>>> print(open('start-v7.cif').read())   # mmCIF, C-alpha atoms
data_model
#
loop_
_atom_site.label_atom_id
_atom_site.label_comp_id
_atom_site.auth_asym_id
_atom_site.auth_seq_id
_atom_site.Cartn_x
_atom_site.Cartn_y
_atom_site.Cartn_z
CA MET O 1 0.00 0.00 0.00
CA THR O 2 1.43 3.36 -1.03
CA LEU O 3 0.56 6.27 1.22
CA ALA O 4 0.14 9.80 -0.07
CA PRO O 5 2.88 12.32 0.74
CA LEU O 6 2.44 14.51 3.83
CA ALA O 7 2.26 17.62 1.58
CA THR O 8 1.43 18.27 -2.07
CA THR O 9 3.22 20.15 -4.84
CA ALA O 10 0.62 22.91 -4.38
CA ASP O 11 1.98 23.39 -0.83
CA LEU O 12 5.47 24.13 -2.15
CA PRO O 13 6.59 27.71 -2.83
CA ALA O 14 5.68 28.75 -6.39
CA VAL O 15 9.32 28.63 -7.52
CA TRP O 16 9.42 24.89 -6.73
CA SER O 17 5.83 23.69 -7.28
CA GLY O 18 6.36 23.26 -11.02
CA SER O 19 9.69 21.48 -10.69
CA ASP O 20 9.94 18.10 -12.37
CA GLN O 21 11.57 16.90 -9.13
CA ALA O 22 8.83 18.26 -6.79
CA ALA O 23 7.03 14.94 -6.35
CA ARG O 24 10.31 13.13 -5.65
CA ALA O 25 11.36 15.77 -3.10
CA LEU O 26 8.04 15.44 -1.28
CA ALA O 27 8.34 11.64 -1.30
CA VAL O 28 11.87 11.81 0.15
CA ALA O 29 10.78 14.31 2.82
CA THR O 30 7.67 12.26 3.66
CA ASP O 31 9.71 9.07 4.05
CA ALA O 32 12.17 10.84 6.35
CA ILE O 33 9.36 12.22 8.54
CA ARG O 34 7.51 8.90 8.75
CA ASP O 35 10.75 7.14 9.61
CA ALA O 36 11.51 9.70 12.33
CA ALA O 37 7.95 9.48 13.72
CA GLY O 38 7.96 5.68 13.65
CA VAL O 39 4.41 5.65 12.26
CA PRO O 40 2.76 6.62 8.96
CA ILE O 41 1.02 9.67 10.58
CA THR O 42 -1.85 9.52 8.09
CA GLN O 43 -4.78 7.30 8.97
CA MET O 44 -4.58 3.66 7.97
CA THR O 45 -5.78 0.25 9.06
CA SER O 46 -3.06 -2.28 9.80
CA THR O 47 -2.36 -5.56 11.48
CA VAL O 48 0.46 -5.06 13.98
CA VAL O 49 2.48 -7.26 16.32
CA ILE O 50 3.79 -5.87 19.60
CA ASP O 51 5.80 -7.68 22.27
CA GLY O 52 3.51 -8.03 25.29
CA ASP O 53 4.72 -8.15 28.88
CA HIS O 54 3.43 -7.84 32.45
CA ASP O 55 2.45 -4.17 32.07
CA VAL O 56 -1.31 -3.61 32.00
CA LEU O 57 -1.00 -0.98 29.24
CA LEU O 58 0.03 -2.06 25.77
CA ARG O 59 1.01 1.18 24.02
CA LEU O 60 -0.11 1.42 20.39
CA PRO O 61 0.84 3.88 17.66
CA GLY O 62 -1.79 6.54 17.55
CA PRO O 63 -4.01 8.19 17.67
CA ILE O 64 -6.24 5.13 17.78
CA VAL O 65 -9.73 5.05 16.27
CA ARG O 66 -11.46 3.58 19.34
CA ASP O 67 -14.00 1.23 17.77
CA SER O 68 -11.56 -0.14 15.20
CA VAL O 69 -9.55 -2.63 17.31
CA THR O 70 -10.31 -6.21 16.26
CA ASP O 71 -8.80 -9.68 16.17
CA VAL O 72 -6.59 -9.29 19.26
CA THR O 73 -4.51 -12.37 19.99
CA ILE O 74 -1.83 -13.14 22.57
CA ASP O 75 0.65 -15.67 21.24
CA GLY O 76 -1.94 -16.67 18.62
CA HIS O 77 -4.80 -17.10 21.13
CA PRO O 78 -7.81 -14.73 20.82
CA THR O 79 -8.57 -12.46 23.75
CA THR O 80 -11.41 -10.05 24.46
CA ASP O 81 -10.66 -9.05 28.07
CA TYR O 82 -9.14 -5.66 27.25
CA ARG O 83 -10.26 -2.04 26.97
CA VAL O 84 -9.22 0.51 24.39
CA VAL O 85 -7.77 3.63 26.07
CA ALA O 86 -6.16 6.73 24.55
CA GLU O 87 -2.61 5.30 24.61
CA GLY O 88 -3.42 1.73 23.60
CA LEU O 89 -5.00 -1.37 25.12
CA TRP O 90 -5.49 -1.95 28.85
CA ARG O 91 -5.71 -5.48 30.26
CA ARG O 92 -5.96 -6.26 33.99
CA HIS O 93 -3.40 -9.07 33.98
CA GLY O 94 -0.94 -7.64 31.47
CA TRP O 95 -0.09 -8.94 28.06
CA THR O 96 1.35 -12.37 28.79
CA ARG O 97 0.49 -15.98 28.02
CA HIS O 98 0.75 -18.26 31.06
CA GLY O 99 2.74 -15.53 32.85
CA GLU O 100 5.37 -15.25 30.11
CA PRO O 101 5.80 -12.28 27.74
CA ALA O 102 4.18 -13.03 24.39
CA PRO O 103 3.56 -11.39 21.00
CA VAL O 104 0.25 -9.53 20.76
CA GLU O 105 -1.29 -9.20 17.30
CA MET O 106 -4.27 -7.02 16.41
CA THR O 107 -5.88 -5.11 13.59
CA PHE O 108 -6.87 -1.49 14.13
CA THR O 109 -7.11 1.93 12.53
CA PHE O 110 -4.72 4.61 13.71
CA GLY O 111 -3.27 7.91 12.57
CA LEU O 112 -4.84 11.20 11.61
CA PRO O 113 -7.42 11.75 8.87
CA VAL O 114 -5.76 15.10 8.07
CA VAL O 115 -2.03 15.86 8.22
CA PRO O 116 -1.38 18.49 10.95
CA ALA O 117 -0.24 21.85 9.57
CA ASP O 118 3.11 21.76 11.38
CA VAL O 119 3.92 18.28 10.03
CA GLY O 120 2.90 19.37 6.52
CA ASP O 121 5.13 22.43 6.89
CA LEU O 122 8.05 20.26 8.02
CA CYS O 123 7.55 18.16 4.89
CA VAL O 124 7.55 21.28 2.69
CA GLN O 125 10.70 22.68 4.35
CA LEU O 126 12.58 19.39 3.92
CA ALA O 127 11.40 19.07 0.31
CA VAL O 128 12.57 22.61 -0.48
CA ALA O 129 15.97 21.87 1.09
CA TRP O 130 16.20 18.77 -1.11
CA LEU O 131 15.15 20.72 -4.24
CA GLN O 132 17.67 23.51 -3.53
CA HIS O 133 20.43 20.95 -2.99
CA ASP O 134 19.48 19.11 -6.17
CA ALA O 135 19.39 22.36 -8.19
CA ALA O 136 22.89 23.18 -6.93
CA GLY O 137 24.21 19.89 -8.31
CA GLY O 138 23.54 17.53 -5.41
CA GLY O 139 26.28 15.49 -3.82
CA SER O 140 27.08 14.81 -0.20
CA ASN O 141 28.04 17.59 2.15
CA ALA O 142 28.55 15.22 5.07
CA GLY O 143 30.62 16.74 7.81
CA VAL O 144 31.11 20.15 6.20
CA GLN O 145 30.29 22.81 8.76
CA MET O 146 31.97 25.84 7.20
CA VAL O 147 33.86 26.73 4.02
CA ARG O 148 35.80 29.99 3.62
CA ILE O 149 36.98 31.03 0.17
CA ASP O 150 39.73 33.49 1.16
CA ASP O 151 42.61 31.62 2.79
CA ALA O 152 40.97 28.34 1.61
CA GLN O 153 39.66 27.08 4.95
CA GLU O 154 37.17 24.24 5.66
CA GLN O 155 35.75 23.16 9.00
CA TYR O 156 34.07 19.82 9.67
CA THR O 157 31.64 18.56 12.27
CA ALA O 158 32.04 15.37 14.23
CA GLU O 159 31.14 12.34 12.10
CA GLY O 160 28.02 11.56 14.16
CA ALA O 161 26.66 15.06 13.62
CA SER O 162 27.08 15.09 9.86
CA ALA O 163 24.23 14.74 7.37
CA VAL O 164 24.66 13.08 3.98
CA SER O 165 21.39 14.51 2.69
CA PRO O 166 19.74 17.90 3.14
CA VAL O 167 16.68 15.95 4.33
CA PHE O 168 18.04 15.60 7.85
CA ILE O 169 15.82 15.42 10.93
CA PRO O 170 17.63 16.26 14.18
CA ALA O 171 17.29 14.04 17.27
CA ALA O 172 15.07 16.55 19.11
CA THR O 173 12.58 16.61 16.21
CA ARG O 174 12.66 12.80 16.01
CA GLN O 175 11.84 12.57 19.72
CA TRP O 176 9.01 15.10 19.33
CA LEU O 177 7.50 13.15 16.40
CA ARG O 178 7.75 9.79 18.20
CA ALA O 179 6.16 11.18 21.35
CA ARG O 180 3.43 12.97 19.42
CA PHE O 181 2.33 9.85 17.56
CA ASN O 182 2.90 7.36 20.40
CA ALA O 183 5.39 5.35 18.36
CA GLY O 184 6.46 2.20 20.16
CA ALA O 185 7.76 -1.19 19.24
CA ALA O 186 4.93 -2.09 16.85
CA VAL O 187 5.71 -4.03 13.71
CA VAL O 188 3.22 -3.63 10.86
CA VAL O 189 2.55 -7.01 9.30
CA GLY O 190 -0.18 -5.91 6.90
CA SER O 191 -2.03 -2.78 5.78
CA TYR O 192 -5.14 -2.13 3.78
#
>>> encode(input="start-v7.cif", output="structure tokens")
Amino acid sequence: MTLAPLATTADLPAVWSGSDQAARALAVATDAIRDAAGVPITQMTSTVVIDGDHDVLLRLPGPIVRDSVTDVTIDGHPTTDYRVVAEGLWRRHGWTRHGEPAPVEMTFTFGLPVVPADVGDLCVQLAVAWLQHDAAGGGSNAGVQMVRIDDAQEQYTAEGASAVSPVFIPAATRQWLRARFNAGAAVVVGSY
């Protein structure tokens, strides 16, 4: 299943909206944001598997459409003794099978029906950075922090701080996205 980008070419500044690379830039930016968030952000129905344990709350990627949770199994065995809460599923005795942690599989709808304005803007800003970089000839600028023409001087960042692509999402923004969309250890095994 291919998801739509988090912004459209019409959202780009006029100078870039007609670019033959606009759709690619938005796709690259969208993939980077979804990867950083740990969830697709846009609403979808999926079958997911999450490692269950003794905690009573099984955190799910969100936001969750409350009446959409179906086919919940613990280690392949159906269960109905849970409640859907804002952060996920609550179960009195935790998410174990015979007292041992077990995989929990379920199908549910999560995400937002409309992309939030700030996330759409982040997508546009990253796409524009990609388009500007591409128009300048592309190539990696990993590690370059500063270049001075007179006296031919270059300064580099530490390797861990360098970005190979202009579509770079800093750690603080990654943490914000993951927290905002309740991204956990879910593994999508099917979408429709």
>>> residues_around(input="start-v7.cif", residues="Thr73 (chain O)", least_positions_apart="6", cutoff="8 Å", atoms="only C-alpha atoms", output="PyMOL selection string")
chain O and resi 79+104-106
>>> closest_residue(input="start-v7.cif", among="O:Ala25, O:Ala102, O:Ile50, O:Val85", to="Leu126 (chain O)", atoms="only C-alpha atoms")
O:Ala25
>>> resolve_selection(input="start-v7.cif", expression="the PyMOL selection byres ((chain O and resi 54) around 9)", output="ChimeraX atom specification")
/O:52-53,55-57,93-96,99-101
>>> residues_around(input="start-v7.cif", residues="Val28 (chain O)", least_positions_apart="4", cutoff="12 Å", atoms="only C-alpha atoms", output="list in words")
Ala4, Pro5, Leu6, Ala7, Gln21, Ala22, Ala23, Arg24, Ala32, Ile33, Arg34, Asp35, Cys123, Val124, Gln125, Leu126, Ala127, Val128, Ala129, Trp130, Leu131, Ser165, Pro166, Val167 and Phe168 of chain O
>>> write_last_selection(input="start-v7.cif", atoms="C-alpha atoms", output="PDB file, in the frame of the given file")
ATOM      1  CA  ALA O   4       0.140   9.800  -0.070  1.00  0.00           C
ATOM      2  CA  PRO O   5       2.880  12.320   0.740  1.00  0.00           C
ATOM      3  CA  LEU O   6       2.440  14.510   3.830  1.00  0.00           C
ATOM      4  CA  ALA O   7       2.260  17.620   1.580  1.00  0.00           C
ATOM      5  CA  GLN O  21      11.570  16.900  -9.130  1.00  0.00           C
ATOM      6  CA  ALA O  22       8.830  18.260  -6.790  1.00  0.00           C
ATOM      7  CA  ALA O  23       7.030  14.940  -6.350  1.00  0.00           C
ATOM      8  CA  ARG O  24      10.310  13.130  -5.650  1.00  0.00           C
ATOM      9  CA  ALA O  32      12.170  10.840   6.350  1.00  0.00           C
ATOM     10  CA  ILE O  33       9.360  12.220   8.540  1.00  0.00           C
ATOM     11  CA  ARG O  34       7.510   8.900   8.750  1.00  0.00           C
ATOM     12  CA  ASP O  35      10.750   7.140   9.610  1.00  0.00           C
ATOM     13  CA  CYS O 123       7.550  18.160   4.890  1.00  0.00           C
ATOM     14  CA  VAL O 124       7.550  21.280   2.690  1.00  0.00           C
ATOM     15  CA  GLN O 125      10.700  22.680   4.350  1.00  0.00           C
ATOM     16  CA  LEU O 126      12.580  19.390   3.920  1.00  0.00           C
ATOM     17  CA  ALA O 127      11.400  19.070   0.310  1.00  0.00           C
ATOM     18  CA  VAL O 128      12.570  22.610  -0.480  1.00  0.00           C
ATOM     19  CA  ALA O 129      15.970  21.870   1.090  1.00  0.00           C
ATOM     20  CA  TRP O 130      16.200  18.770  -1.110  1.00  0.00           C
ATOM     21  CA  LEU O 131      15.150  20.720  -4.240  1.00  0.00           C
ATOM     22  CA  SER O 165      21.390  14.510   2.690  1.00  0.00           C
ATOM     23  CA  PRO O 166      19.740  17.900   3.140  1.00  0.00           C
ATOM     24  CA  VAL O 167      16.680  15.950   4.330  1.00  0.00           C
ATOM     25  CA  PHE O 168      18.040  15.600   7.850  1.00  0.00           C
TER      26      PHE O 168
END
>>> residues_around(input="start-v7.cif", residues="Ala171 (chain O)", least_positions_apart="4", cutoff="9 Å", atoms="only C-alpha atoms", output="MDAnalysis selection string")
chainID O and resid 36 175:176
>>> write_last_selection(input="start-v7.cif", atoms="C-alpha atoms", output="tab-separated table (two decimals), keeping the file's coordinate frame")
chain	number	residue	atom	x	y	z
O	36	ALA	CA	11.51	9.70	12.33
O	175	GLN	CA	11.84	12.57	19.72
O	176	TRP	CA	9.01	15.10	19.33
>>> residues_around(input="start-v7.cif", residues="Asp11 (chain O)", least_positions_apart="6", cutoff="9 Å", atoms="only C-alpha atoms", output="list in words")
Ser17, Gly120, Asp121 and Val124 of chain O
>>> write_last_selection(input="start-v7.cif", atoms="C-alpha atoms", output="short mmCIF file (atom, residue, chain, number, x, y, z; two decimals), keeping the file's coordinate frame")
data_model
loop_
_atom_site.label_atom_id
_atom_site.label_comp_id
_atom_site.auth_asym_id
_atom_site.auth_seq_id
_atom_site.Cartn_x
_atom_site.Cartn_y
_atom_site.Cartn_z
CA SER O 17 5.83 23.69 -7.28
CA GLY O 120 2.90 19.37 6.52
CA ASP O 121 5.13 22.43 6.89
CA VAL O 124 7.55 21.28 2.69
#
>>> closest_residue(input="start-v7.cif", among="O:Val72, O:Ala136, O:Ala29, O:Val84", to="Thr47 (chain O)", atoms="all atoms listed in the file")
O:Val72
>>> atom_distance(input="start-v7.cif", atom1="CA of Thr30 (chain O)", atom2="CA of Val65 (chain O)")
22.7 Å
>>> atom_distance(input="start-v7.cif", atom1="CA of Pro113 (chain O)", atom2="CA of Asp67 (chain O)")
15.3 Å
>>> closest_residue(input="start-v7.cif", among="O:Met44, O:Leu177, O:Thr2, O:Val39", to="Leu122 (chain O)", atoms="only C-alpha atoms")
O:Leu177
>>> atom_distance(input="start-v7.cif", atom1="CA of Ala135 (chain O)", atom2="CA of Ala27 (chain O)")
16.9 Å
>>> closest_residue(input="start-v7.cif", among="O:Leu12, O:Ala179, O:Leu112, O:Ala172", to="Thr42 (chain O)", atoms="only C-alpha atoms")
O:Leu112
>>> closest_residue(input="start-v7.cif", among="O:Pro61, O:Pro13, O:Pro170, O:Pro103", to="Asp75 (chain O)", atoms="all atoms listed in the file")
O:Pro103
>>> closest_residue(input="start-v7.cif", among="O:Gly137, O:Gly88, O:Pro63, O:Pro116", to="Gln43 (chain O)", atoms="only C-alpha atoms")
O:Pro63
>>> axis_aligned_box(input="start-v7.cif", around="region 67-72 of chain O", padding_each_side="8 Å", output="JSON")
{"center_x": -10.3, "center_y": -4.2, "center_z": 17.2, "size_x": 23.4, "size_y": 26.9, "size_z": 20.1}
>>> decode(input="start-v7.cif", residues="region 24-46 of chain O", atoms="N, CA and C atoms", output="mmCIF file, in the first residue's frame")
data_model
loop_
_atom_site.group_PDB
_atom_site.id
_atom_site.type_symbol
_atom_site.label_atom_id
_atom_site.label_comp_id
_atom_site.auth_asym_id
_atom_site.auth_seq_id
_atom_site.Cartn_x
_atom_site.Cartn_y
_atom_site.Cartn_z
ATOM 1 N N ARG O 24 9.245 13.926 -6.267
ATOM 2 C CA ARG O 24 10.310 13.131 -5.648
ATOM 3 C C ARG O 24 10.774 13.764 -4.340
ATOM 4 N N ALA O 25 10.937 15.070 -4.323
ATOM 5 C CA ALA O 25 11.363 15.771 -3.104
ATOM 6 C C ALA O 25 10.355 15.569 -1.976
ATOM 7 N N LEU O 26 9.078 15.656 -2.298
ATOM 8 C CA LEU O 26 8.037 15.438 -1.282
ATOM 9 C C LEU O 26 8.034 13.995 -0.793
ATOM 10 N N ALA O 27 8.276 13.050 -1.704
ATOM 11 C CA ALA O 27 8.338 11.640 -1.299
ATOM 12 C C ALA O 27 9.520 11.392 -0.369
ATOM 13 N N VAL O 28 10.676 11.968 -0.687
ATOM 14 C CA VAL O 28 11.866 11.810 0.148
ATOM 15 C C VAL O 28 11.615 12.426 1.530
ATOM 16 N N ALA O 29 11.063 13.629 1.555
ATOM 17 C CA ALA O 29 10.780 14.310 2.824
ATOM 18 C C ALA O 29 9.746 13.526 3.642
ATOM 19 N N THR O 30 8.714 13.035 2.981
ATOM 20 C CA THR O 30 7.672 12.258 3.661
ATOM 21 C C THR O 30 8.258 10.998 4.279
ATOM 22 N N ASP O 31 9.080 10.285 3.521
ATOM 23 C CA ASP O 31 9.709 9.067 4.054
ATOM 24 C C ASP O 31 10.570 9.374 5.272
ATOM 25 N N ALA O 32 11.312 10.467 5.224
ATOM 26 C CA ALA O 32 12.170 10.844 6.354
ATOM 27 C C ALA O 32 11.334 11.161 7.593
ATOM 28 N N ILE O 33 10.228 11.860 7.411
ATOM 29 C CA ILE O 33 9.365 12.223 8.544
ATOM 30 C C ILE O 33 8.694 10.987 9.116
ATOM 31 N N ARG O 34 8.167 10.128 8.264
ATOM 32 C CA ARG O 34 7.515 8.905 8.747
ATOM 33 C C ARG O 34 8.517 8.002 9.471
ATOM 34 N N ASP O 35 9.725 7.924 8.953
ATOM 35 C CA ASP O 35 10.755 7.141 9.614
ATOM 36 C C ASP O 35 11.076 7.734 10.990
ATOM 37 N N ALA O 36 11.212 9.039 11.054
ATOM 38 C CA ALA O 36 11.513 9.700 12.326
ATOM 39 C C ALA O 36 10.368 9.530 13.324
ATOM 40 N N ALA O 37 9.126 9.604 12.840
ATOM 41 C CA ALA O 37 7.955 9.475 13.718
ATOM 42 C C ALA O 37 7.740 8.032 14.153
ATOM 43 N N GLY O 38 8.163 7.085 13.341
ATOM 44 C CA GLY O 38 7.960 5.675 13.654
ATOM 45 C C GLY O 38 6.577 5.169 13.297
ATOM 46 N N VAL O 39 5.769 6.012 12.690
ATOM 47 C CA VAL O 39 4.414 5.654 12.257
ATOM 48 C C VAL O 39 4.100 6.390 10.952
ATOM 49 N N PRO O 40 3.083 5.961 10.228
ATOM 50 C CA PRO O 40 2.758 6.619 8.958
ATOM 51 C C PRO O 40 2.136 8.014 9.098
ATOM 52 N N ILE O 41 1.666 8.387 10.267
ATOM 53 C CA ILE O 41 1.024 9.671 10.580
ATOM 54 C C ILE O 41 -0.373 9.737 9.996
ATOM 55 N N THR O 42 -0.520 9.488 8.696
ATOM 56 C CA THR O 42 -1.846 9.519 8.087
ATOM 57 C C THR O 42 -2.622 8.260 8.472
ATOM 58 N N GLN O 43 -3.926 8.391 8.482
ATOM 59 C CA GLN O 43 -4.779 7.303 8.965
ATOM 60 C C GLN O 43 -4.718 6.083 8.051
ATOM 61 N N MET O 44 -4.608 4.916 8.703
ATOM 62 C CA MET O 44 -4.584 3.657 7.974
ATOM 63 C C MET O 44 -5.034 2.541 8.897
ATOM 64 N N THR O 45 -5.439 1.445 8.306
ATOM 65 C CA THR O 45 -5.784 0.251 9.060
ATOM 66 C C THR O 45 -4.682 -0.771 8.815
ATOM 67 N N SER O 46 -4.167 -1.334 9.904
ATOM 68 C CA SER O 46 -3.057 -2.278 9.805
ATOM 69 C C SER O 46 -3.204 -3.399 10.806
#
